[in-house]
Structures are given as structure tokens and as C-alpha cells.
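*Asks:* Contents of input_21.cif (mmCIF, C-alpha atoms, pLDDT in the B column; chains and numbers go by the auth columns):
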data_target
loop_
_atom_site.group_PDB
_atom_site.id
_atom_site.type_symbol
_atom_site.label_atom_id
_atom_site.label_comp_id
_atom_site.label_asym_id
_atom_site.label_seq_id
_atom_site.Cartn_x
_atom_site.Cartn_y
_atom_site.Cartn_z
_atom_site.B_iso_or_equiv
_atom_site.auth_seq_id
_atom_site.auth_asym_id
ATOM 1 C CA MET A 1 102.173 -92.449 -1.537 59.00 1 E
ATOM 2 C CA ARG A 2 104.954 -90.409 0.008 74.00 2 E
ATOM 3 C CA ARG A 3 104.188 -87.549 -2.380 79.00 3 E
ATOM 4 C CA THR A 4 100.536 -87.511 -1.279 79.00 4 E
ATOM 5 C CA THR A 5 101.456 -87.270 2.384 80.00 5 E
ATOM 6 C CA SER A 6 103.917 -84.490 1.601 84.00 6 E
ATOM 7 C CA VAL A 7 101.252 -82.511 -0.253 88.00 7 E
ATOM 8 C CA ILE A 8 98.701 -82.974 2.544 88.00 8 E
ATOM 9 C CA LEU A 9 101.193 -81.872 5.172 90.00 9 E
ATOM 10 C CA LEU A 10 102.327 -78.925 3.034 93.00 10 E
ATOM 11 C CA LEU A 11 98.743 -77.696 2.556 95.00 11 E
ATOM 12 C CA ALA A 12 97.906 -78.077 6.246 95.00 12 E
ATOM 13 C CA ASN A 13 101.052 -76.222 7.279 96.00 13 E
ATOM 14 C CA ALA A 14 100.484 -73.493 4.679 97.00 14 E
ATOM 15 C CA ALA A 15 96.925 -72.927 5.905 98.00 15 E
ATOM 16 C CA ALA A 16 98.105 -72.714 9.512 98.00 16 E
ATOM 17 C CA LEU A 17 100.917 -70.356 8.508 98.00 17 E
ATOM 18 C CA VAL A 18 98.542 -67.991 6.684 98.00 18 E
ATOM 19 C CA LEU A 19 96.231 -67.960 9.708 98.00 19 E
ATOM 20 C CA GLY A 20 99.157 -67.379 12.062 98.00 20 E
ATOM 21 C CA ILE A 21 100.475 -64.497 9.987 98.00 21 E
ATOM 22 C CA TRP A 22 97.027 -62.918 9.921 98.00 22 E
ATOM 23 C CA ILE A 23 96.743 -63.214 13.717 98.00 23 E
ATOM 24 C CA VAL A 24 100.043 -61.379 14.129 98.00 24 E
ATOM 25 C CA LEU A 25 99.149 -58.725 11.535 97.00 25 E
ATOM 26 C CA ASP A 26 95.794 -58.083 13.176 97.00 26 E
ATOM 27 C CA LEU A 27 97.135 -57.945 16.707 96.00 27 E
ATOM 28 C CA VAL A 28 99.925 -55.513 15.823 96.00 28 E
ATOM 29 C CA GLY A 29 97.424 -53.284 14.001 94.00 29 E
ATOM 30 C CA ALA A 30 98.700 -53.618 10.424 95.00 30 E
ATOM 31 C CA HIS A 31 96.932 -51.333 7.956 94.00 31 E
ATOM 32 C CA GLN A 32 94.363 -53.348 6.038 89.00 32 E
ATOM 33 C CA ASP A 33 94.481 -50.982 3.070 92.00 33 E
ATOM 34 C CA LYS A 34 97.880 -52.452 2.127 95.00 34 E
ATOM 35 C CA ALA A 35 97.681 -55.188 -0.520 96.00 35 E
ATOM 36 C CA VAL A 36 99.681 -57.814 1.383 96.00 36 E
ATOM 37 C CA VAL A 37 97.735 -57.309 4.593 96.00 37 E
ATOM 38 C CA SER A 38 94.464 -57.373 2.676 96.00 38 E
ATOM 39 C CA TRP A 39 95.474 -60.631 0.991 97.00 39 E
ATOM 40 C CA PHE A 40 96.277 -62.306 4.305 97.00 40 E
ATOM 41 C CA HIS A 41 92.995 -61.040 5.755 97.00 41 E
ATOM 42 C CA SER A 42 90.978 -62.420 2.833 97.00 42 E
ATOM 43 C CA ALA A 43 92.806 -65.748 2.855 98.00 43 E
ATOM 44 C CA ALA A 44 92.455 -66.096 6.634 97.00 44 E
ATOM 45 C CA ASP A 45 88.752 -65.239 6.467 97.00 45 E
ATOM 46 C CA TRP A 46 88.250 -67.919 3.830 97.00 46 E
ATOM 47 C CA LEU A 47 90.253 -70.534 5.757 97.00 47 E
ATOM 48 C CA ALA A 48 88.486 -69.729 9.026 97.00 48 E
ATOM 49 C CA ALA A 49 84.979 -69.210 7.665 96.00 49 E
ATOM 50 C CA TRP A 50 83.698 -72.311 9.474 95.00 50 E
ATOM 51 C CA SER A 51 84.954 -71.175 12.885 92.00 51 E
ATOM 52 C CA ARG A 52 84.631 -67.397 13.009 92.00 52 E
ATOM 53 C CA GLY A 53 82.049 -66.423 15.579 89.00 53 E
ATOM 54 C CA LEU A 54 81.785 -69.959 16.907 91.00 54 E
ATOM 55 C CA PHE A 55 82.725 -68.625 20.339 91.00 55 E
ATOM 56 C CA SER A 56 82.273 -65.120 21.621 93.00 56 E
ATOM 57 C CA VAL A 57 84.612 -63.390 24.047 94.00 57 E
ATOM 58 C CA SER A 58 84.784 -59.771 25.139 95.00 58 E
ATOM 59 C CA SER A 59 88.416 -59.008 24.269 96.00 59 E
ATOM 60 C CA HIS A 60 89.616 -58.428 20.716 95.00 60 E
ATOM 61 C CA VAL A 61 92.763 -60.479 21.285 96.00 61 E
ATOM 62 C CA GLY A 62 90.765 -63.435 22.571 96.00 62 E
ATOM 63 C CA GLN A 63 88.315 -63.225 19.689 96.00 63 E
ATOM 64 C CA VAL A 64 91.065 -63.138 17.081 96.00 64 E
ATOM 65 C CA LEU A 65 92.832 -66.083 18.707 96.00 65 E
ATOM 66 C CA LEU A 66 89.633 -68.109 18.789 96.00 66 E
ATOM 67 C CA ASP A 67 88.453 -67.143 15.308 96.00 67 E
ATOM 68 C CA TYR A 68 91.765 -67.781 13.549 97.00 68 E
ATOM 69 C CA GLY A 69 93.917 -69.758 15.992 97.00 69 E
ATOM 70 C CA LEU A 70 91.401 -72.560 16.423 96.00 70 E
ATOM 71 C CA PRO A 71 91.248 -73.387 12.694 97.00 71 E
ATOM 72 C CA ALA A 72 95.048 -73.166 12.463 97.00 72 E
ATOM 73 C CA LEU A 73 95.325 -75.822 15.165 97.00 73 E
ATOM 74 C CA VAL A 74 92.633 -77.946 13.525 96.00 74 E
ATOM 75 C CA TYR A 75 94.389 -77.814 10.139 97.00 75 E
ATOM 76 C CA LEU A 76 97.678 -78.820 11.754 96.00 76 E
ATOM 77 C CA LEU A 77 96.034 -81.618 13.705 95.00 77 E
ATOM 78 C CA ILE A 78 94.107 -83.016 10.745 92.00 78 E
ATOM 79 C CA GLY A 79 97.091 -82.710 8.407 91.00 79 E
ATOM 80 C CA ASN A 80 99.365 -84.535 10.828 89.00 80 E
ATOM 81 C CA LEU A 81 96.798 -87.218 11.607 90.00 81 E
ATOM 82 C CA LEU A 82 96.142 -87.873 7.923 84.00 82 E
ATOM 83 C CA THR A 83 99.814 -88.095 7.065 83.00 83 E
ATOM 84 C CA ARG A 84 100.631 -90.320 10.023 80.00 84 E
ATOM 85 C CA SER A 85 97.763 -92.687 9.271 72.00 85 E
ATOM 86 C CA ARG A 86 98.921 -92.918 5.634 57.00 86 E
ATOM 87 C CA VAL A 87 102.523 -93.555 6.696 55.00 87 E
ATOM 88 C CA LEU A 88 101.487 -96.328 9.056 51.00 88 E
ATOM 89 C CA ARG A 89 99.678 -98.232 6.293 54.00 89 E
#
Can the structure in the file be given as C-alpha cells, please?
*Replies:*
Amino acid sequence: MRRTTSVILLLANAAALVLGIWIVLDLVGAHQDKAVVSWFHSAADWLAAWSRGLFSVSSHVGQVLLDYGLPALVYLLIGNLLTRSRVLR
């Protein structure tokens, strides 16, 4: 049981980390033609597919934070809730 909670928490944290790294890369203007940047962009797009465009704001910074920051927070929240509920059982 402990292994399952560790895996869930690891996956949730990894997803949030990938999204966080993409937010930083995008906001600092990293070149998307580089392989590493392109990988983070593709992974973040896949992880945030359900939330991108959910809200619309006029600034690029705000849009990036909503499109990718919101799912990062959701993954962290769900991962922590699932692991805590499993630990309490």
C-alpha cells in the first residue's frame, strides 16, 4: 500500500514539475526549436489538454499561468488527496 501511495504522489509531482518548467521556459522566451524545450512544450500540452483555453485573459503571462498552472495545482491537489486518503485507511 505504501508503494502505491508513493507512485501516485511521484506521478502527481512529476506532472506538476513538467508543467512548472514549461511555464518558466515559456515566460522567459526559450527557443522552441530546441529539443528539450520542445519536449517540455509537448508534455505540458498533453498534461494540460483538458484546461487550455478554459479561461481567456488578455495577457500572455496570465494565459500561460491559467493554461498550465491550473492543471499543475490540480495534479498536486489530487495526488495529495489520494495519498492522504489511502494513508488514513
*Asks:* Could you please give me, as an MDAnalysis selection string, the residues of protein, DNA or RNA lying at most 12 Å from (90.4, -63.6, 6.5) in the coordinate frame of the file, considering all atoms listed in the file?
*Replies:* chainID E and resid 15 18:23 25:26 32 37:52 64 67:69 71
*Asks:* Between atom CA of Ala14 of chain E and atom CA of Lys34 of chain E, what is the spacing in Å?
*Replies:*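 Those two atoms sit 21.4 Å apart.
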*Asks:* Given 3 Å of margin on each side, can you work out the centre and size in Å (one decimal) of an axis-aligned box holding every listed atom of segment 34-44 of chain E, as AutoDock Vina command-line options?
*Replies:*
--center_x 95.3 --center_y -59.3 --center_z 3.1 --size_x 14.7 --size_y 19.6 --size_z 13.2
*Asks:* Which polymer residues have any atom within 9 Å of an atom of Ser56 of chain E, counting all atoms listed in the file, with same-chain residues fewer than 4 positions away left out, as a compact mmCIF listing (two decimals) with C-alpha atoms, keeping the file's coordinate frame?
*Replies:*
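Below you can see selection-v1.txt, which holds the result:
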# COMPACT_ATOMS: atom_id res chain seq x y z
CA GLY E 62 90.76 -63.44 22.57
CA GLN E 63 88.32 -63.22 19.69
CA LEU E 66 89.63 -68.11 18.79
*Asks:* Measuring atom to atom with all atoms listed in the file, identify which of E:Ser85, E:Leu73, E:Thr4, E:Ile78 is nearest to Leu17 of chain E.
*Replies:* E:Leu73
*Asks:* May I ask for the distance between atom CA of Leu27 of chain E and atom CA of Tyr75 of chain E, given in Å to one decimal place?
*Replies:* 21.1 Å
*Asks:* One decimal, in Å: what's the spacing between atom CA of Leu77 of chain E and atom CA of Val57 of chain E?
*Replies:* 23.9 Å
*Asks:* Could you check the closest approach to Gly79 of chain E for each of E:Thr5, E:Ala35, E:Leu65, E:Ser59 and tell me which residue wins, using all atoms listed in the file?
*Replies:* E:Thr5
*Asks:* Excluding same-chain residues fewer than 6 positions from Thr83 of chain E, what lies within 12 Å of it counting only C-alpha atoms, as a list of chain:residue names?
*Replies:*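 That gives E:Met1, E:Arg2, E:Arg3, E:Thr4, E:Thr5, E:Ser6, E:Val7, E:Ile8, E:Leu9, E:Leu10, E:Leu11, E:Ala12, E:Asn13, E:Leu76, E:Leu77, E:Arg89.
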